[in-house]
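Trainee: Submitted below is the structure of interest, expressed as structure tokens.
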Amino acid sequence: MHYLFAEHRHHASDADQRREYRHYLARQMGPMIHALMLMAALAYGVGVVASALIRSSPLPVLLRLALLLPLLLVAMATRHVRRPRTLSLLALLCVLLLEIGINLNSFGHVPEQPLVMPGLLLPVASSVIWLGRWDFAAAMAMCALGPLPVLLLGNTDDVQIFQYFVYMAIAISLSAVLRAFMARTLFAQFRLEQQLREQAYTDGLTGLLLRNRFLELARLALDDIHRQQKPACMLFLDADHFKQLNDDYGHAAGDAALIALATAMRGQMRPNDLIGRIGGEEFAILLPGLDLELAGQRAEQLRVAVRAILRPDGPLTVSIGVAECDQAGENIGSLLARADQAMRQAKRGGRDRIVSAPGC
Ligand SMILES: Nc1nc2c(ncn2[C@@H]2O[C@H](COP(=O)(O)OP(=O)(O)OP(=O)(O)O)[C@@H](O)[C@H]2O)c(=O)[nH]1
């Protein structure tokens, strides 16, 4: 089933929500991660040149600058990536390269000089780019442990190592705070956008999909159905004598009947079925995988279930038209129109009944 189709189920699982959030983060953060990687490459180049000007190193400048190439390649590869895991792995690779650079540039350090560790900047500078906890933890571990080769194997005394760990602990704590606040803000934004989208897509009275959204999702679902060469049917359903209910008992009674009708439709349908409110008291249901005969049976079950809803003046009844999608790739507009015509025939036939549309 198409992802978008599953996305708007009311019972989307927590795992679906988390996956959707990670993709949302990747879309939002992708450009920033790319920009920060370019900045990191630039900063590395400037750092190497600056250190070459102020102190000598046993390693030639060109060798140290060579690391710029993989840094730039990683930054370029990130440009169009929007898959969360790939983005995280590329960002981790960038941190790894920078840590290698820190070791290369601190190599041959003289103990009397204070050890300036640009790696202390890394946890804070990268704090907001980590999409999950695992990549944040891996990045911080890399930042903390990355300079260990030069600290343990180079000319560094115990005081400098102690200083390094104190500063690194401060930097990582700062990074954790920044990341936590950023994550909270982004999650609130994600939920808000989700709510706004849901409001724009669903009918406030019945909670069903609004016409345009129903048609959009039904179109995608039909594409899948055609590809898989499976049958599908459309039900077009219209409440009978609804004007009379409103006129005699008021709009509140009409609204209550529509809510009960929507509840009955939801109760009768499978998770894969798509239900939309097409207009006032008209509804459409797409039944993927069902042929005309099975869809007719489902429509009959629904008709009987709706009859159990009592209006002040008697049972609520519906007229239903059923149309089966032809195998030649019929579009959603034509399928809906044929189901609508069948529904009108059911009205003309006396209402509270089901009529199947002839094949097109
Ligand atoms: N209460 C309420 N009424 C609605 C809503 N939307 C549409 N209606 C009413 O539904 C009624 C539809 O009336 P008609 O199209 O004449 O159809 P009908 O009376 O059901 O007659 P048949 O369809 O021929 O059986 C109108 O009175 C609309 O005002 C709604 O959201 N709430």
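Identifiers for the structure tokens are assigned positionally: chains receive A, B, ... in sequence, residues are indexed from 1 per chain, and ligands are indexed from 1 in the order shown.
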Can you tell me which residues come within 8 Å of ligand 1 when counting only C-alpha atoms and all ligand atoms, ideally as a PyMOL selection string?

Mentor: chain A and resi 205+238-247+250-258+279-281+319+347+351

Trainee: With stretch 19-22 of chain A as the partner and 12 Å as the cut-off, tabulate the residues of stretch 74-125 of chain A that qualify, each row holding the nearest pair of atoms and their distance in Å to one decimal, using only C-alpha atoms, sorted by chain and rising number, as CSV.

Mentor:
residue,atom,partner,partner_atom,distance
A:Arg82,CA,A:Arg22,CA,10.0
A:Arg83,CA,A:Arg22,CA,8.7
A:Pro84,CA,A:Arg22,CA,6.2
A:Arg85,CA,A:Arg22,CA,9.0
A:Thr86,CA,A:Arg22,CA,11.7
A:Leu87,CA,A:Arg22,CA,10.8
A:Ser88,CA,A:Arg22,CA,10.8

Trainee: Using C-alpha atoms, can you write the selected residues to a file as a PDB file, in the first residue's frame?

Mentor:
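Final output, saved to part.pdb:
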ATOM      1  CA  ARG A  82      17.481  13.254   2.632  1.00  0.00           C
ATOM      2  CA  ARG A  83      17.544   9.715   4.018  1.00  0.00           C
ATOM      3  CA  PRO A  84      18.029  10.015   7.790  1.00  0.00           C
ATOM      4  CA  ARG A  85      20.434   7.096   8.231  1.00  0.00           C
ATOM      5  CA  THR A  86      22.613   8.084   5.269  1.00  0.00           C
ATOM      6  CA  LEU A  87      22.742  11.684   6.489  1.00  0.00           C
ATOM      7  CA  SER A  88      23.806  10.563   9.960  1.00  0.00           C
TER       8      SER A  88
END

Trainee: Name the residues in contact with A:Leu294 at a cut-off of 12 Å, using only C-alpha atoms, excluding same-chain residues fewer than 4 positions from it; report them as a PDB file with N, CA and C atoms, in the first residue's frame.

Mentor:
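The new file out12.pdb reads:
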ATOM      1  N   PRO A 231      -8.290  -6.307  -8.370  1.00  0.00           N
ATOM      2  CA  PRO A 231      -9.557  -5.591  -8.545  1.00  0.00           C
ATOM      3  C   PRO A 231      -9.724  -4.518  -7.468  1.00  0.00           C
ATOM      4  N   ALA A 232     -10.653  -3.609  -7.693  1.00  0.00           N
ATOM      5  CA  ALA A 232     -10.996  -2.598  -6.674  1.00  0.00           C
ATOM      6  C   ALA A 232     -12.384  -2.071  -6.997  1.00  0.00           C
ATOM      7  N   CYS A 233     -13.111  -1.676  -5.966  1.00  0.00           N
ATOM      8  CA  CYS A 233     -14.452  -1.120  -6.193  1.00  0.00           C
ATOM      9  C   CYS A 233     -14.619   0.185  -5.444  1.00  0.00           C
ATOM     10  N   MET A 234     -15.527   0.984  -5.995  1.00  0.00           N
ATOM     11  CA  MET A 234     -15.871   2.250  -5.338  1.00  0.00           C
ATOM     12  C   MET A 234     -17.340   2.186  -4.921  1.00  0.00           C
ATOM     13  N   LEU A 235     -17.608   2.539  -3.655  1.00  0.00           N
ATOM     14  CA  LEU A 235     -18.997   2.690  -3.214  1.00  0.00           C
ATOM     15  C   LEU A 235     -19.294   4.185  -3.157  1.00  0.00           C
ATOM     16  N   LEU A 287     -12.598   0.383  -2.099  1.00  0.00           N
ATOM     17  CA  LEU A 287     -12.345  -0.946  -1.529  1.00  0.00           C
ATOM     18  C   LEU A 287     -11.277  -1.661  -2.371  1.00  0.00           C
ATOM     19  N   PRO A 288     -10.004  -1.534  -2.015  1.00  0.00           N
ATOM     20  CA  PRO A 288      -8.959  -2.197  -2.802  1.00  0.00           C
ATOM     21  C   PRO A 288      -9.063  -3.717  -2.645  1.00  0.00           C
ATOM     22  N   GLY A 289      -8.834  -4.418  -3.749  1.00  0.00           N
ATOM     23  CA  GLY A 289      -8.767  -5.884  -3.700  1.00  0.00           C
ATOM     24  C   GLY A 289     -10.110  -6.593  -3.802  1.00  0.00           C
ATOM     25  N   LEU A 290     -11.235  -5.847  -3.836  1.00  0.00           N
ATOM     26  CA  LEU A 290     -12.548  -6.502  -3.894  1.00  0.00           C
ATOM     27  C   LEU A 290     -13.147  -6.381  -5.299  1.00  0.00           C
ATOM     28  N   ARG A 298     -20.236  -6.346   0.841  1.00  0.00           N
ATOM     29  CA  ARG A 298     -19.809  -5.387   1.874  1.00  0.00           C
ATOM     30  C   ARG A 298     -20.784  -4.211   1.941  1.00  0.00           C
ATOM     31  N   ALA A 299     -21.252  -3.787   0.770  1.00  0.00           N
ATOM     32  CA  ALA A 299     -22.208  -2.670   0.738  1.00  0.00           C
ATOM     33  C   ALA A 299     -23.503  -3.079   1.449  1.00  0.00           C
ATOM     34  N   GLU A 300     -23.931  -4.318   1.252  1.00  0.00           N
ATOM     35  CA  GLU A 300     -25.157  -4.792   1.899  1.00  0.00           C
ATOM     36  C   GLU A 300     -24.976  -4.811   3.424  1.00  0.00           C
ATOM     37  N   GLN A 301     -23.799  -5.288   3.882  1.00  0.00           N
ATOM     38  CA  GLN A 301     -23.528  -5.277   5.335  1.00  0.00           C
ATOM     39  C   GLN A 301     -23.610  -3.846   5.873  1.00  0.00           C
ATOM     40  N   VAL A 322     -22.375   0.944  -6.551  1.00  0.00           N
ATOM     41  CA  VAL A 322     -21.088   0.225  -6.527  1.00  0.00           C
ATOM     42  C   VAL A 322     -20.544   0.168  -7.952  1.00  0.00           C
ATOM     43  N   ALA A 323     -19.274   0.510  -8.119  1.00  0.00           N
ATOM     44  CA  ALA A 323     -18.657   0.380  -9.447  1.00  0.00           C
ATOM     45  C   ALA A 323     -17.319  -0.302  -9.297  1.00  0.00           C
ATOM     46  N   GLU A 324     -17.068  -1.250 -10.218  1.00  0.00           N
ATOM     47  CA  GLU A 324     -15.762  -1.925 -10.181  1.00  0.00           C
ATOM     48  C   GLU A 324     -14.822  -1.257 -11.173  1.00  0.00           C
ATOM     49  N   SER A 356     -25.477  -1.906  -8.643  1.00  0.00           N
ATOM     50  CA  SER A 356     -24.125  -2.042  -9.196  1.00  0.00           C
ATOM     51  C   SER A 356     -24.061  -1.403 -10.575  1.00  0.00           C
TER      52      SER A 356
END

Trainee: Output as a tab-separated table one row per residue of stretch 124-240 of chain A within 9 Å of stretch 36-40 of chain A: the closest atom pair and its distance in Å to one decimal place, counting only C-alpha atoms, sorted by chain and residue number ascending.

Mentor:
residue	atom	partner	partner_atom	distance
A:Ala125	CA	A:Leu36	CA	8.5
A:Ser126	CA	A:Leu36	CA	8.0
A:Ile129	CA	A:Leu36	CA	8.9

Trainee: Name the closest residue to A:Arg64 among the candidates A:Gly45, A:Pro358, A:Gly276, A:Gly119; distances are taken between atoms, counting only C-alpha atoms.

Mentor: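 Looking only at the distances to A:Arg64, the closest residue turns out to be A:Gly45.
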